[in-house]
$ cat entry.pdb   # PDB, C-alpha atoms and all ligand atoms
ATOM      1  CA  MET L 834    -229.783 -18.366-140.990
ATOM      2  CA  SER L 835    -226.930 -19.954-139.056
ATOM      3  CA  PHE L 836    -227.684 -23.466-137.877
ATOM      4  CA  GLY L 837    -224.816 -23.556-135.374
ATOM      5  CA  VAL L 838    -221.574 -25.464-135.042
ATOM      6  CA  ARG L 839    -223.206 -28.685-133.811
ATOM      7  CA  LEU L 840    -225.503 -29.077-136.839
ATOM      8  CA  GLU L 841    -222.754 -27.873-139.211
ATOM      9  CA  THR L 842    -220.479 -30.597-137.816
ATOM     10  CA  ILE L 843    -223.157 -33.273-138.242
ATOM     11  CA  ALA L 844    -223.724 -32.078-141.833
ATOM     12  CA  SER L 845    -219.975 -32.253-142.513
ATOM     13  CA  LEU L 846    -220.082 -36.042-142.025
ATOM     14  CA  VAL L 847    -222.832 -36.538-144.643
ATOM     15  CA  PRO L 848    -221.364 -37.339-148.095
ATOM     16  CA  VAL L 849    -222.450 -35.528-151.248
ATOM     17  CA  GLY L 850    -225.289 -36.807-153.431
ATOM     18  CA  VAL L 851    -227.037 -39.144-151.000
ATOM     19  CA  ALA L 852    -230.600 -39.875-149.878
ATOM     20  CA  VAL L 853    -230.723 -39.117-146.162
ATOM     21  CA  VAL L 854    -233.124 -39.798-143.332
ATOM     22  CA  ASP L 855    -233.012 -37.480-140.321
ATOM     23  CA  VAL L 856    -234.613 -39.317-137.401
ATOM     24  CA  GLY L 857    -235.925 -37.043-134.644
ATOM     25  CA  THR L 858    -235.702 -34.070-136.957
ATOM     26  CA  ASP L 859    -237.611 -31.580-134.752
ATOM     27  CA  HIS L 860    -237.435 -28.370-136.865
ATOM     28  CA  ALA L 861    -235.864 -30.149-139.864
ATOM     29  CA  TYR L 862    -232.843 -27.872-139.605
ATOM     30  CA  LEU L 863    -230.376 -30.643-140.515
ATOM     31  CA  PRO L 864    -232.058 -31.648-143.811
ATOM     32  CA  VAL L 865    -232.582 -27.976-144.700
ATOM     33  CA  LEU L 866    -228.898 -27.270-144.061
ATOM     34  CA  LEU L 867    -227.914 -30.306-146.170
ATOM     35  CA  ALA L 868    -230.228 -29.200-148.989
ATOM     36  CA  GLN L 869    -228.796 -25.669-148.864
ATOM     37  CA  GLN L 870    -225.320 -27.161-149.152
ATOM     38  CA  GLN L 871    -226.622 -29.110-152.194
ATOM     39  CA  LYS L 872    -225.403 -32.324-150.590
ATOM     40  CA  ILE L 873    -228.523 -34.466-150.812
ATOM     41  CA  ARG L 874    -230.708 -35.897-153.561
ATOM     42  CA  GLN L 875    -233.620 -36.195-151.174
ATOM     43  CA  ALA L 876    -234.374 -36.340-147.460
ATOM     44  CA  VAL L 877    -236.983 -37.868-145.198
ATOM     45  CA  ALA L 878    -237.374 -35.924-141.957
ATOM     46  CA  THR L 879    -239.090 -38.039-139.323
ATOM     47  CA  ASP L 880    -240.166 -37.339-135.777
ATOM     48  CA  ILE L 881    -242.215 -39.305-133.280
ATOM     49  CA  ALA L 882    -244.228 -36.280-132.148
ATOM     50  CA  ALA L 883    -246.778 -34.136-133.974
ATOM     51  CA  GLY L 884    -245.446 -30.751-132.775
ATOM     52  CA  PRO L 885    -241.929 -31.247-134.181
ATOM     53  CA  CYS L 886    -243.411 -32.576-137.461
ATOM     54  CA  GLN L 887    -245.482 -29.388-137.772
ATOM     55  CA  ALA L 888    -242.375 -27.325-137.006
ATOM     56  CA  ALA L 889    -240.487 -29.346-139.634
ATOM     57  CA  GLU L 890    -243.244 -28.765-142.230
ATOM     58  CA  ASN L 891    -243.071 -25.029-141.481
ATOM     59  CA  THR L 892    -239.279 -24.879-141.918
ATOM     60  CA  VAL L 893    -239.391 -26.907-145.148
ATOM     61  CA  ALA L 894    -242.109 -24.592-146.539
ATOM     62  CA  GLN L 895    -240.227 -21.482-145.391
ATOM     63  CA  TYR L 896    -237.160 -22.569-147.379
ATOM     64  CA  GLY L 897    -239.211 -23.814-150.361
ATOM     65  CA  LEU L 898    -237.728 -27.327-150.055
ATOM     66  CA  GLY L 899    -240.914 -29.411-150.251
ATOM     67  CA  GLY L 900    -239.598 -31.083-153.434
ATOM     68  CA  VAL L 901    -236.504 -32.366-151.618
ATOM     69  CA  ILE L 902    -237.559 -32.996-148.012
ATOM     70  CA  SER L 903    -240.534 -35.115-147.020
ATOM     71  CA  VAL L 904    -241.727 -34.881-143.383
ATOM     72  CA  ARG L 905    -243.230 -38.002-141.780
ATOM     73  CA  GLN L 906    -244.451 -38.680-138.268
ATOM     74  CA  GLY L 907    -243.363 -42.023-136.819
ATOM     75  CA  ASN L 908    -241.237 -43.869-134.303
ATOM     76  CA  GLY L 909    -237.636 -44.087-135.458
ATOM     77  CA  LEU L 910    -237.349 -45.499-138.982
ATOM     78  CA  ALA L 911    -240.868 -46.986-139.045
ATOM     79  CA  GLN L 912    -242.140 -44.720-141.856
ATOM     80  CA  VAL L 913    -239.048 -45.059-144.019
ATOM     81  CA  ALA L 914    -238.300 -47.415-146.953
ATOM     82  CA  PRO L 915    -234.834 -49.042-147.125
ATOM     83  CA  ALA L 916    -233.968 -47.269-150.400
ATOM     84  CA  GLU L 917    -234.600 -43.893-148.738
ATOM     85  CA  ALA L 918    -232.185 -44.659-145.907
ATOM     86  CA  GLU L 919    -228.861 -44.510-147.746
ATOM     87  CA  VAL L 920    -227.526 -42.274-144.947
ATOM     88  CA  VAL L 921    -229.266 -42.172-141.580
ATOM     89  CA  ALA L 922    -228.660 -39.265-139.205
ATOM     90  CA  ILE L 923    -229.801 -39.436-135.581
ATOM     91  CA  ALA L 924    -228.850 -36.422-133.472
ATOM     92  CA  GLY L 925    -229.693 -34.766-130.199
ATOM     93  CA  MET L 926    -230.934 -37.916-128.424
ATOM     94  CA  GLY L 927    -229.488 -40.120-125.690
ATOM     95  CA  GLY L 928    -227.314 -43.056-126.692
ATOM     96  CA  LYS L 929    -229.909 -45.569-125.481
ATOM     97  CA  THR L 930    -232.655 -44.001-127.619
ATOM     98  CA  ILE L 931    -230.328 -44.060-130.630
ATOM     99  CA  ILE L 932    -229.580 -47.751-129.997
ATOM    100  CA  ASN L 933    -233.331 -48.522-129.730
ATOM    101  CA  ILE L 934    -234.001 -46.750-133.025
ATOM    102  CA  LEU L 935    -231.189 -48.672-134.755
ATOM    103  CA  GLU L 936    -232.353 -52.015-133.286
ATOM    104  CA  GLN L 937    -235.968 -51.486-134.269
ATOM    105  CA  GLY L 938    -234.945 -50.218-137.711
ATOM    106  CA  ALA L 939    -232.797 -53.228-138.683
ATOM    107  CA  GLU L 940    -234.862 -53.881-141.855
ATOM    108  CA  GLN L 941    -234.791 -50.258-142.973
ATOM    109  CA  LEU L 942    -231.024 -50.171-142.445
ATOM    110  CA  GLU L 943    -230.337 -53.017-144.868
ATOM    111  CA  GLN L 944    -229.179 -50.662-147.668
ATOM    112  CA  THR L 945    -227.691 -48.005-145.400
ATOM    113  CA  THR L 946    -224.095 -47.108-146.239
ATOM    114  CA  ARG L 947    -223.467 -44.638-143.409
ATOM    115  CA  LEU L 948    -224.816 -43.698-140.003
ATOM    116  CA  VAL L 949    -224.171 -40.187-138.705
ATOM    117  CA  LEU L 950    -224.829 -40.074-134.966
ATOM    118  CA  GLN L 951    -224.660 -37.320-132.366
ATOM    119  CA  PRO L 952    -225.587 -38.741-128.963
ATOM    120  CA  MET L 953    -226.224 -36.420-126.026
ATOM    121  CA  ASN L 954    -224.834 -39.069-123.650
ATOM    122  CA  GLY L 955    -224.086 -42.818-123.550
ATOM    123  CA  GLU L 956    -221.252 -42.660-126.100
ATOM    124  CA  ARG L 957    -219.547 -45.685-124.475
ATOM    125  CA  GLU L 958    -222.655 -47.885-124.854
ATOM    126  CA  LEU L 959    -223.307 -46.632-128.382
ATOM    127  CA  ARG L 960    -219.751 -47.444-129.542
ATOM    128  CA  HIS L 961    -220.062 -50.924-128.014
ATOM    129  CA  TRP L 962    -223.388 -51.446-129.797
ATOM    130  CA  LEU L 963    -222.004 -50.274-133.142
ATOM    131  CA  GLN L 964    -219.059 -52.639-132.890
ATOM    132  CA  GLU L 965    -221.205 -55.602-131.834
ATOM    133  CA  HIS L 966    -223.603 -54.947-134.743
ATOM    134  CA  LYS L 967    -220.858 -54.632-137.360
ATOM    135  CA  TRP L 968    -220.808 -50.883-137.818
ATOM    136  CA  LYS L 969    -217.289 -49.520-138.067
ATOM    137  CA  ILE L 970    -216.621 -45.971-136.800
ATOM    138  CA  VAL L 971    -214.696 -44.218-139.562
ATOM    139  CA  GLU L 972    -214.887 -40.553-138.523
ATOM    140  CA  GLU L 973    -215.458 -38.683-135.285
ATOM    141  CA  ARG L 974    -215.633 -34.934-134.734
ATOM    142  CA  LEU L 975    -216.059 -32.617-131.782
ATOM    143  CA  ALA L 976    -218.346 -29.587-131.823
ATOM    144  CA  TYR L 977    -218.254 -27.000-129.038
ATOM    145  CA  GLU L 978    -221.487 -25.029-128.714
ATOM    146  CA  ALA L 979    -223.380 -23.455-125.823
ATOM    147  CA  ASN L 980    -220.625 -24.298-123.328
ATOM    148  CA  ARG L 981    -220.426 -28.001-124.001
ATOM    149  CA  PHE L 982    -218.825 -30.505-126.311
ATOM    150  CA  TYR L 983    -220.833 -32.662-128.687
ATOM    151  CA  VAL L 984    -219.406 -35.812-130.250
ATOM    152  CA  VAL L 985    -220.440 -36.647-133.796
ATOM    153  CA  MET L 986    -219.542 -40.007-135.299
ATOM    154  CA  ALA L 987    -219.911 -41.640-138.708
ATOM    155  CA  ALA L 988    -220.069 -45.419-139.034
ATOM    156  CA  VAL L 989    -220.138 -47.669-142.099
ATOM    157  CA  PRO L 990    -220.905 -51.391-142.396
ATOM    158  CA  GLY L 991    -217.795 -53.272-141.321
ATOM    159  CA  VAL L 992    -216.052 -55.275-138.670
ATOM    160  CA  GLU L 993    -213.606 -53.745-136.268
ATOM    161  CA  GLN L 994    -211.315 -55.262-133.648
ATOM    162  CA  PRO L 995    -212.355 -54.422-130.065
ATOM    163  CA  TYR L 996    -210.638 -51.283-128.723
ATOM    164  CA  GLU L 997    -208.970 -50.777-125.373
ATOM    165  CA  ASP L 998    -211.754 -50.028-122.838
ATOM    166  CA  ILE L 999    -211.036 -46.284-122.557
ATOM    167  CA  TYR L1000    -211.492 -45.682-126.295
ATOM    168  CA  TYR L1001    -215.184 -46.624-126.076
ATOM    169  CA  GLU L1002    -215.421 -43.547-123.895
ATOM    170  CA  VAL L1003    -212.988 -41.165-125.605
ATOM    171  CA  GLY L1004    -213.652 -42.233-129.181
ATOM    172  CA  PRO L1005    -211.129 -44.237-131.211
ATOM    173  CA  ARG L1006    -210.897 -41.724-134.067
ATOM    174  CA  LEU L1007    -210.800 -38.706-131.749
ATOM    175  CA  ALA L1008    -207.994 -40.335-129.745
ATOM    176  CA  ALA L1009    -206.051 -41.078-132.942
ATOM    177  CA  GLU L1010    -206.538 -37.649-134.482
ATOM    178  CA  ARG L1011    -206.643 -35.367-131.386
ATOM    179  CA  PRO L1012    -208.633 -32.566-133.112
ATOM    180  CA  ASP L1013    -208.868 -29.011-131.721
ATOM    181  CA  GLY L1014    -210.539 -29.095-128.321
ATOM    182  CA  PHE L1015    -209.645 -32.750-127.743
ATOM    183  CA  VAL L1016    -207.695 -32.200-124.509
ATOM    184  CA  ASP L1017    -210.469 -29.973-123.087
ATOM    185  CA  TYR L1018    -213.009 -32.624-124.047
ATOM    186  CA  VAL L1019    -211.045 -35.382-122.291
ATOM    187  CA  GLN L1020    -210.787 -33.082-119.251
ATOM    188  CA  THR L1021    -214.617 -33.092-119.062
ATOM    189  CA  LEU L1022    -214.543 -36.924-118.992
ATOM    190  CA  LEU L1023    -211.839 -36.831-116.334
ATOM    191  CA  HIS L1024    -213.938 -34.478-114.156
ATOM    192  CA  LYS L1025    -216.861 -36.878-114.453
ATOM    193  CA  TYR L1026    -214.773 -39.754-113.064
ATOM    194  CA  GLN L1027    -213.207 -37.519-110.417
ATOM    195  CA  GLY L1028    -216.739 -36.599-109.268
ATOM    196  CA  LEU L1029    -217.805 -40.256-109.170
ATOM    197  CA  LEU L1030    -214.706 -41.238-107.190
ATOM    198  CA  ASN L1031    -215.163 -38.303-104.784
ATOM    199  CA  SER L1032    -218.708 -39.391-103.975
ATOM    200  CA  MET L1033    -217.585 -43.017-103.531
ATOM    201  CA  ASN L1034    -214.829 -41.893-101.159
ATOM    202  CA  HIS L1035    -217.516 -41.333 -98.487
ATOM    203  CA  SER L1036    -218.018 -45.092 -98.126
ATOM    204  CA  VAL L1037    -215.342 -47.698 -97.332
ATOM    205  CA  ALA L1038    -217.430 -50.391 -99.067
ATOM    206  CA  ALA L1039    -217.641 -48.229-102.206
ATOM    207  CA  GLN L1040    -213.896 -47.592-102.099
ATOM    208  CA  GLU L1041    -213.220 -51.311-101.959
ATOM    209  CA  SER L1042    -215.590 -52.148-104.812
ATOM    210  CA  ALA L1043    -214.628 -53.350-108.300
ATOM    211  CA  ARG L1044    -216.490 -50.331-109.673
ATOM    212  CA  TYR L1045    -214.216 -47.962-107.755
ATOM    213  CA  ARG L1046    -211.100 -49.647-109.162
ATOM    214  CA  GLU L1047    -212.610 -49.522-112.660
ATOM    215  CA  PHE L1048    -213.340 -45.776-112.375
ATOM    216  CA  ALA L1049    -209.891 -45.086-110.894
ATOM    217  CA  GLU L1050    -208.283 -46.986-113.780
ATOM    218  CA  ARG L1051    -210.309 -45.032-116.328
ATOM    219  CA  LYS L1052    -209.365 -41.739-114.672
ATOM    220  CA  LEU L1053    -205.698 -42.714-114.819
ATOM    221  CA  ARG L1054    -205.960 -43.618-118.530
ATOM    222  CA  LEU L1055    -207.714 -40.316-119.242
ATOM    223  CA  GLU L1056    -204.827 -38.465-117.565
ATOM    224  CA  GLU L1057    -202.362 -40.415-119.694
ATOM    225  CA  ILE L1058    -204.324 -39.652-122.869
ATOM    226  CA  ILE L1059    -204.347 -35.947-121.996
ATOM    227  CA  HIS L1060    -200.542 -36.178-121.807
ATOM    228  CA  GLY L1061    -200.406 -37.921-125.182
ATOM    229  CA  ASN L1062    -199.852 -41.504-124.021
TER     230      ASN L1062
HETATM  231  C1  LIG J   1    -233.623 -32.708-128.903
HETATM  232  S1  LIG J   1    -234.496 -33.016-130.359
HETATM  233  C2  LIG J   1    -233.181 -33.094-131.518
HETATM  234  C3  LIG J   1    -233.553 -32.455-132.824
HETATM  235  C4  LIG J   1    -232.514 -32.554-133.913
HETATM  236  N1  LIG J   1    -232.267 -33.921-134.312
HETATM  237  C5  LIG J   1    -231.219 -31.904-133.481
HETATM  238  O1  LIG J   1    -230.238 -32.622-133.271
HETATM  239  O2  LIG J   1    -231.189 -30.681-133.358
HETATM  240  C6  LIG J   1    -235.014 -34.683-130.259
HETATM  241  C7  LIG J   1    -236.180 -35.003-131.182
HETATM  242  O3  LIG J   1    -236.237 -36.406-131.320
HETATM  243  C8  LIG J   1    -237.594 -36.794-131.333
HETATM  244  N2  LIG J   1    -237.630 -38.223-130.972
HETATM  245  C9  LIG J   1    -237.402 -38.784-129.771
HETATM  246  N3  LIG J   1    -237.513 -40.120-129.831
HETATM  247  C10 LIG J   1    -237.822 -40.422-131.127
HETATM  248  C11 LIG J   1    -238.076 -41.634-131.820
HETATM  249  N4  LIG J   1    -238.051 -42.818-131.208
HETATM  250  N5  LIG J   1    -238.368 -41.565-133.138
HETATM  251  C12 LIG J   1    -238.404 -40.377-133.778
HETATM  252  N6  LIG J   1    -238.200 -39.207-133.160
HETATM  253  C13 LIG J   1    -237.892 -39.223-131.852
HETATM  254  C14 LIG J   1    -238.276 -35.842-130.357
HETATM  255  O4  LIG J   1    -239.661 -35.743-130.595
HETATM  256  C15 LIG J   1    -237.501 -34.530-130.652
HETATM  257  O5  LIG J   1    -238.158 -33.744-131.620
END

$ encode --input "entry.pdb" --output "structure tokens" --more "lines below"
Ligand SMILES: C[S@@+](CC[C@H](N)C(=O)[O-])C[C@H]1O[C@@H](n2cnc3c(N)ncnc32)[C@H](O)[C@@H]1O
Amino acid sequence: MSFGVRLETIASLVPVGVAVVDVGTDHAYLPVLLAQQQKIRQAVATDIAAGPCQAAENTVAQYGLGGVISVRQGNGLAQVAPAEAEVVAIAGMGGKTIINILEQGAEQLEQTTRLVLQPMNGERELRHWLQEHKWKIVEERLAYEANRFYVVMAAVPGVEQPYEDIYYEVGPRLAAERPDGFVDYVQTLLHKYQGLLNSMNHSVAAQESARYREFAERKLRLEEIIHGN
């Protein structure tokens, strides 16, 4: 079975030989993929809801991986021991939900050596949170699937200097490495700001606001980044 480019990209940021927790596992496709790639010693697949846990149990049984992957129902990292959380993957959720899970799981993250995160939105807020909580982004990748880009990032414990504002949005590693699809990805961010500015153009008060100037500045920086500056 093919698990798709998005999950393959998330798996590519998980090192070999680790104990991994997949939070919000749904069908447990990520831990199954990692086990098939012989990358993990063990995995805990957690989900807050009963239906996804049942789906996860079914997938694990289907692939005969019950000895490697344990499925647990719970909120975030609540059902996980620190030693099990060497690598923590959280994918397919909004940035705010990911931040909540990381905040509530501070104790379980004490031995964690790497986070692998794929937010559906809120990348700017997530990068700010990671920096403020001493997680250093060391790798970022783009995955294009089902007509949209997904950003996947890996962070390790560490302190990082604040970036220029626009890199919280674009991704510091993506901006440095400009992988395939990078310019098209930045174009999607540019269109977002163009849309926001267009709707603000209907109101003089909005046009004169600090927010408008901030969005216009970001749009300008995105144009410069597209042109390699
Ligand atoms: C869209 S699915 C993503 C599934 C998988 N991680 C992926 O990327 O394909 C989101 C899953 O996260 C689960 N979820 C949402 N909030 C959660 C939380 N606080 N703790 C654990 N699971 C959560 C949902 O029940 C759902 O199964």

$ resolve_selection --input "entry.pdb" --expression "the PyMOL selection byres (((not hetatm)) within 8 of (chain J and resi 1))" --output "PyMOL selection string"
chain L and resi 840+855-863+879-882+884-886+906-910+923-926+930-931+933-934+951

$ resolve_selection --input "entry.pdb" --expression "the PyMOL selection byres (((chain L and resi 995-1009) around 10) and not hetatm)" --output "NGL selection string"
:L and (955-961 or 964-965 or 970-975 or 984-986 or 992-994 or 1010-1013 or 1015-1016 or 1018-1019 or 1022 or 1050-1052 or 1054-1055 or 1058-1059 or 1061)

$ resolve_selection --input "entry.pdb" --expression "the PyMOL selection byres (((chain L and resi 853) around 7) and not hetatm)" --output "PDB file with C-alpha atoms, in the frame of the given file"
ATOM      1  CA  VAL L 851    -227.037 -39.144-151.000  1.00  0.00           C
ATOM      2  CA  ALA L 852    -230.600 -39.875-149.878  1.00  0.00           C
ATOM      3  CA  VAL L 854    -233.124 -39.798-143.332  1.00  0.00           C
ATOM      4  CA  ASP L 855    -233.012 -37.480-140.321  1.00  0.00           C
ATOM      5  CA  ILE L 873    -228.523 -34.466-150.812  1.00  0.00           C
ATOM      6  CA  GLN L 875    -233.620 -36.195-151.174  1.00  0.00           C
ATOM      7  CA  ALA L 876    -234.374 -36.340-147.460  1.00  0.00           C
ATOM      8  CA  VAL L 877    -236.983 -37.868-145.198  1.00  0.00           C
ATOM      9  CA  GLU L 917    -234.600 -43.893-148.738  1.00  0.00           C
ATOM     10  CA  ALA L 918    -232.185 -44.659-145.907  1.00  0.00           C
ATOM     11  CA  GLU L 919    -228.861 -44.510-147.746  1.00  0.00           C
ATOM     12  CA  VAL L 920    -227.526 -42.274-144.947  1.00  0.00           C
ATOM     13  CA  VAL L 921    -229.266 -42.172-141.580  1.00  0.00           C
TER      14      VAL L 921
END

$ closest_residue --input "entry.pdb" --among "L:Ala868, L:Met1033, L:Gly991, L:Thr946" --to "Ala916 in chain L" --atoms "all atoms listed in the file"
L:Thr946

$ residues_around --input "entry.pdb" --residues "Glu978 in chain L" --least-positions-apart "3" --cutoff "12 Å" --atoms "all atoms listed in the file" --output "PyMOL selection string"
chain L and resi 836-842+975+981-984+1014

$ write_last_selection --input "entry.pdb" --atoms "C-alpha atoms" --output "CSV table (one decimal), in the coordinates of the input"
chain,number,residue,atom,x,y,z
L,836,PHE,CA,-227.7,-23.5,-137.9
L,837,GLY,CA,-224.8,-23.6,-135.4
L,838,VAL,CA,-221.6,-25.5,-135.0
L,839,ARG,CA,-223.2,-28.7,-133.8
L,840,LEU,CA,-225.5,-29.1,-136.8
L,841,GLU,CA,-222.8,-27.9,-139.2
L,842,THR,CA,-220.5,-30.6,-137.8
L,975,LEU,CA,-216.1,-32.6,-131.8
L,981,ARG,CA,-220.4,-28.0,-124.0
L,982,PHE,CA,-218.8,-30.5,-126.3
L,983,TYR,CA,-220.8,-32.7,-128.7
L,984,VAL,CA,-219.4,-35.8,-130.2
L,1014,GLY,CA,-210.5,-29.1,-128.3

$ atom_distance --input "entry.pdb" --atom1 "CA of Ser835 in chain L" --atom2 "CA of Arg874 in chain L"
21.9 Å

$ closest_residue --input "entry.pdb" --among "L:Glu936, L:Glu1056, L:Glu890, L:Glu943" --to "Gln1027 in chain L" --atoms "all atoms listed in the file"
L:Glu1056

$ atom_distance --input "entry.pdb" --atom1 "CA of Val904 in chain L" --atom2 "CA of Ala889 in chain L"
6.8 Å

$ residues_around --input "entry.pdb" --residues "range 1041-1046 of chain L" --least-positions-apart "5" --cutoff "12 Å" --atoms "only C-alpha atoms" --output "PyMOL selection string"
chain L and resi 1026-1036+1051-1053

$ closest_residue --input "entry.pdb" --among "L:Ala979, L:Lys872, L:Met953, L:Ser903" --to "Gln887 in chain L" --atoms "all atoms listed in the file"
L:Ser903

$ closest_residue --input "entry.pdb" --among "L:Ala1049, L:Val901, L:Arg947, L:Ile843" --to "Gln871 in chain L" --atoms "all atoms listed in the file"
L:Val901

$ closest_residue --input "entry.pdb" --among "L:Ala922, L:Ala988, L:His1060, L:Gly897" --to "His966 in chain L" --atoms "only C-alpha atoms"
L:Ala988

$ atom_distance --input "entry.pdb" --atom1 "CA of Thr1021 in chain L" --atom2 "CA of Asn980 in chain L"
11.5 Å
